[in-house]
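Colleague: This one is protein-v2.cif, mmCIF, C-alpha atoms.
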```cif
data_start
#
loop_
_atom_site.label_atom_id
_atom_site.label_comp_id
_atom_site.auth_asym_id
_atom_site.auth_seq_id
_atom_site.Cartn_x
_atom_site.Cartn_y
_atom_site.Cartn_z
CA MET A 1319 71.56 -69.07 145.47
CA GLU A 1320 68.83 -66.97 146.99
CA LYS A 1321 66.78 -64.50 145.00
CA THR A 1322 65.22 -61.43 146.58
CA LEU A 1323 63.06 -58.49 145.54
CA VAL A 1324 64.12 -54.86 145.68
CA ILE A 1325 61.73 -52.09 144.68
CA LEU A 1326 63.32 -48.77 143.85
CA LYS A 1327 60.59 -46.53 145.21
CA PRO A 1328 59.28 -43.27 143.76
CA SER A 1329 61.58 -41.35 146.13
CA CYS A 1330 64.56 -43.12 144.53
CA LEU A 1331 63.47 -42.26 141.00
CA GLN A 1332 62.45 -38.68 141.80
CA ARG A 1333 65.78 -37.95 143.44
CA GLY A 1334 67.86 -39.51 140.65
CA LEU A 1335 69.33 -42.25 142.86
CA VAL A 1336 68.64 -45.32 140.71
CA GLY A 1337 72.26 -45.61 139.54
CA GLU A 1338 73.66 -45.09 143.04
CA VAL A 1339 71.45 -47.78 144.57
CA THR A 1340 71.95 -50.38 141.84
CA LYS A 1341 75.70 -49.65 141.87
CA ARG A 1342 75.86 -50.56 145.57
CA PHE A 1343 74.16 -53.93 145.04
CA GLU A 1344 76.38 -54.73 142.05
CA GLN A 1345 79.57 -53.68 143.84
CA LYS A 1346 78.64 -55.94 146.75
CA GLY A 1347 78.56 -58.86 144.32
CA LEU A 1348 74.83 -59.47 143.98
CA ARG A 1349 73.80 -60.58 140.51
CA LEU A 1350 70.95 -58.68 138.85
CA ALA A 1351 68.57 -61.38 137.59
CA GLY A 1352 65.64 -59.16 136.60
CA MET A 1353 64.72 -55.49 136.35
CA LYS A 1354 61.78 -53.56 134.95
CA MET A 1355 59.99 -50.28 135.36
CA CYS A 1356 56.28 -50.45 136.08
CA GLN A 1357 53.39 -48.40 137.39
CA LEU A 1358 52.02 -50.12 140.47
CA THR A 1359 48.25 -50.44 140.91
CA ASP A 1360 46.04 -50.08 143.95
CA GLU A 1361 45.27 -53.79 143.72
CA GLN A 1362 48.97 -54.73 143.72
CA MET A 1363 49.66 -52.42 146.65
CA SER A 1364 46.68 -53.72 148.64
CA GLU A 1365 48.05 -57.23 148.23
CA HIS A 1366 51.66 -56.22 148.82
CA TYR A 1367 50.91 -54.28 152.00
CA ALA A 1368 48.01 -56.46 153.21
CA GLN A 1369 49.59 -56.72 156.67
CA HIS A 1370 48.92 -52.97 157.10
CA ALA A 1371 45.26 -53.03 155.96
CA GLY A 1372 43.05 -51.19 158.43
CA LYS A 1373 45.90 -49.09 159.81
CA PRO A 1374 45.55 -45.31 159.51
CA PHE A 1375 48.55 -44.98 157.18
CA PHE A 1376 47.52 -47.79 154.78
CA GLN A 1377 46.13 -45.62 151.97
CA GLN A 1378 48.93 -43.06 152.33
CA LEU A 1379 51.50 -45.86 152.00
CA LYS A 1380 49.83 -47.22 148.87
CA ASP A 1381 49.47 -43.76 147.35
CA ALA A 1382 53.15 -42.99 147.95
CA MET A 1383 54.14 -46.14 146.04
CA MET A 1384 51.94 -45.21 143.08
CA VAL A 1385 52.86 -41.53 142.64
CA THR A 1386 55.39 -42.42 139.91
CA PRO A 1387 56.56 -45.65 138.31
CA VAL A 1388 58.95 -47.82 140.31
CA ILE A 1389 61.73 -50.16 139.28
CA VAL A 1390 61.40 -53.73 140.50
CA CYS A 1391 64.60 -55.76 140.71
CA CYS A 1392 65.49 -59.36 141.41
CA TYR A 1393 68.95 -59.78 142.93
CA GLU A 1394 70.64 -63.12 143.49
CA GLY A 1395 73.49 -64.29 145.69
CA VAL A 1396 74.42 -66.39 148.69
CA GLY A 1397 72.27 -65.11 151.56
CA ALA A 1398 70.86 -62.42 149.24
CA VAL A 1399 67.78 -61.66 151.38
CA GLU A 1400 69.78 -60.83 154.49
CA VAL A 1401 72.58 -59.10 152.58
CA VAL A 1402 70.10 -56.78 150.85
CA ARG A 1403 68.27 -56.07 154.13
CA GLN A 1404 71.53 -55.13 155.84
CA MET A 1405 72.56 -52.94 152.94
CA ALA A 1406 69.18 -51.15 152.98
CA GLY A 1407 69.39 -50.38 156.70
CA ALA A 1408 66.64 -49.59 159.20
CA THR A 1409 63.26 -48.60 157.73
CA SER A 1410 63.55 -45.02 158.96
CA GLY A 1411 66.27 -43.13 157.13
CA ARG A 1412 66.80 -41.02 160.26
CA LYS A 1413 67.60 -44.15 162.28
CA ALA A 1414 69.46 -46.14 159.63
CA ALA A 1415 73.19 -46.49 160.13
CA PRO A 1416 75.59 -44.47 157.99
CA GLY A 1417 76.89 -46.64 155.17
CA THR A 1418 73.47 -48.17 154.49
CA ILE A 1419 71.33 -47.07 151.56
CA ARG A 1420 68.71 -45.50 153.80
CA GLY A 1421 71.29 -44.16 156.24
CA ASP A 1422 73.14 -42.34 153.48
CA LEU A 1423 70.28 -41.38 151.18
CA SER A 1424 67.08 -40.97 153.22
CA MET A 1425 65.62 -38.85 156.00
CA SER A 1426 62.16 -40.45 155.99
CA PHE A 1427 60.31 -43.49 157.32
CA GLN A 1428 58.07 -43.72 154.25
CA GLU A 1429 60.16 -42.08 151.52
CA ASN A 1430 63.03 -44.43 152.27
CA ILE A 1431 64.36 -45.20 148.77
CA VAL A 1432 63.88 -49.01 148.64
CA HIS A 1433 61.59 -51.84 149.59
CA THR A 1434 63.34 -55.14 150.33
CA SER A 1435 61.93 -58.58 151.06
CA ASP A 1436 62.14 -59.46 154.75
CA SER A 1437 62.56 -63.25 154.43
CA LEU A 1438 63.22 -65.91 151.82
CA GLU A 1439 59.55 -66.95 151.93
CA THR A 1440 58.39 -63.35 151.43
CA ALA A 1441 60.90 -62.88 148.61
CA GLN A 1442 59.50 -65.87 146.74
CA VAL A 1443 55.93 -64.52 147.03
CA GLU A 1444 56.93 -60.96 146.15
CA LEU A 1445 59.00 -62.00 143.13
CA LYS A 1446 55.99 -63.91 141.75
CA ARG A 1447 53.84 -60.80 142.33
CA PHE A 1448 56.04 -58.56 140.20
CA PHE A 1449 57.82 -60.86 137.72
CA ARG A 1450 56.76 -63.55 135.30
CA ASP A 1451 59.08 -66.58 135.18
CA ASP A 1452 60.48 -65.46 131.81
CA GLU A 1453 61.49 -62.06 133.27
CA ILE A 1454 64.05 -63.53 135.69
CA PHE A 1455 67.25 -64.59 133.98
CA ASP A 1456 70.01 -67.05 134.78
CA TYR A 1457 73.40 -66.20 133.34
CA LYS A 1458 77.00 -66.43 134.42
CA GLN A 1459 79.14 -63.45 135.29
CA PRO A 1460 82.87 -63.88 134.67
CA PRO A 1461 84.03 -62.60 138.10
CA PHE A 1462 81.52 -64.85 139.92
CA GLN A 1463 84.26 -67.30 140.90
CA PHE A 1464 86.03 -64.48 142.74
CA LEU A 1465 83.01 -63.60 144.90
CA TYR A 1466 82.65 -66.90 146.75
CA ALA A 1467 84.82 -69.78 147.84
CA ALA A 1468 84.01 -73.08 146.12
CA ASP A 1469 82.36 -74.47 149.27
CA GLU A 1470 80.00 -71.46 149.53
CA LEU A 1471 78.21 -72.19 146.26
#
```
Would you write the structure of this file as structure tokens?
Modeller:
Amino acid sequence: MEKTLVILKPSCLQRGLVGEVTKRFEQKGLRLAGMKMCQLTDEQMSEHYAQHAGKPFFQQLKDAMMVTPVIVCCYEGVGAVEVVRQMAGATSGRKAAPGTIRGDLSMSFQENIVHTSDSLETAQVELKRFFRDDEIFDYKQPPFQFLYAADEL
């Protein structure tokens, strides 16, 4: 099973969409393995968005992620990284397809409701950045056997 990071951004919290977004991931069949609210720091954001350092929007991006607390989540499932990315939709809410989280709930490129890991390797690094090992849980959900065929697990 893959694990992936989802950050419910300040725009998600400010607009009261936490329940809607988490509901979508749960209804899809992803298992919530970890969740916590935290206030991100400039240091965390500099590391998290290091690929954008030196770009004109770098500080604005970091500031937008620190304006309120966020909720960091670890979701687990078969192909979880790609499933979550598809469910989130294109980065720009204006370009994201209807039916996706961003397509239904966002009009912005930056204030786009969620951050999602873009690869399994990135997910592993990002999960370590935001969670201690004892904050990610392994437990069985009764309907799990109805989500996947035996040969998919």
Colleague: With 7 Å as the threshold, what does the neighbourhood of (58.5, -47.7, 161.5) contain in terms of residues, counting all atoms listed in the file? Coordinates are those of the file; answer as an NGL selection string.
Modeller: :A and (1409-1410 or 1427)
Colleague: Emit the selected residues as a PDB file, in the frame of the given file, including C-alpha atoms.
Modeller:
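Writing done, so here's again36.pdb:
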```
ATOM      1  CA  THR A1409      63.260 -48.600 157.730  1.00  0.00           C
ATOM      2  CA  SER A1410      63.550 -45.020 158.960  1.00  0.00           C
ATOM      3  CA  PHE A1427      60.310 -43.490 157.320  1.00  0.00           C
TER       4      PHE A1427
END
```
Colleague: Name the closest residue to Tyr1466 (chain A) among the candidates A:Met1355, A:Met1363, A:Val1324, A:Val1396; distances are taken between atoms, counting all atoms listed in the file.
Modeller: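 For Tyr1466 (chain A), the nearest of the given residues is A:Val1396.
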Colleague: Which residue, A:Gln1377, A:Thr1418, A:Ser1435, A:Gln1463, has the smallest gap to Val1390 (chain A) when you use only C-alpha atoms?
Modeller: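 The closest residue to Val1390 (chain A) is A:Ser1435.
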Colleague: So what do you get for CA of Ala1406 (chain A) versus CA of Ser1424 (chain A), distance-wise?
Modeller: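 Distance reported for this atom pair: 10.4 Å.
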Colleague: Selection in question (the file shown): the PyMOL selection byres ((chain A and resi 1347) around 12). Which residues does it include, as a VMD selection string?
Modeller: chain A and resid 1340 to 1346 1348 to 1350 1393 to 1398 1401 to 1402 1459 to 1466
Colleague: Need the shell around Asp1456 (chain A): protein/DNA/RNA residues with any atom at most 8 Å away, counting all atoms listed in the file. Skip same-chain ones fewer than 2 positions apart. Format as an NGL selection string?
Modeller: :A and (1351 or 1454 or 1458)
Colleague: Hey, can you check how far CA of Ile1389 (chain A) sits from CA of Lys1327 (chain A)?
Modeller: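 Distance reported for this atom pair: 7.0 Å.
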Colleague: What separation in Å, quoted to one decimal, exists between CA of Asp1422 (chain A) and CA of Gly1407 (chain A)?
Modeller: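 CA of Asp1422 (chain A) sits 9.4 Å away from CA of Gly1407 (chain A).
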Colleague: Please write as number ranges by chain the full residue list that the PyMOL selection byres ((chain A and resi 1432) around 7) yields on this file.
Modeller: A: 1324-1327, 1430-1431, 1433-1434
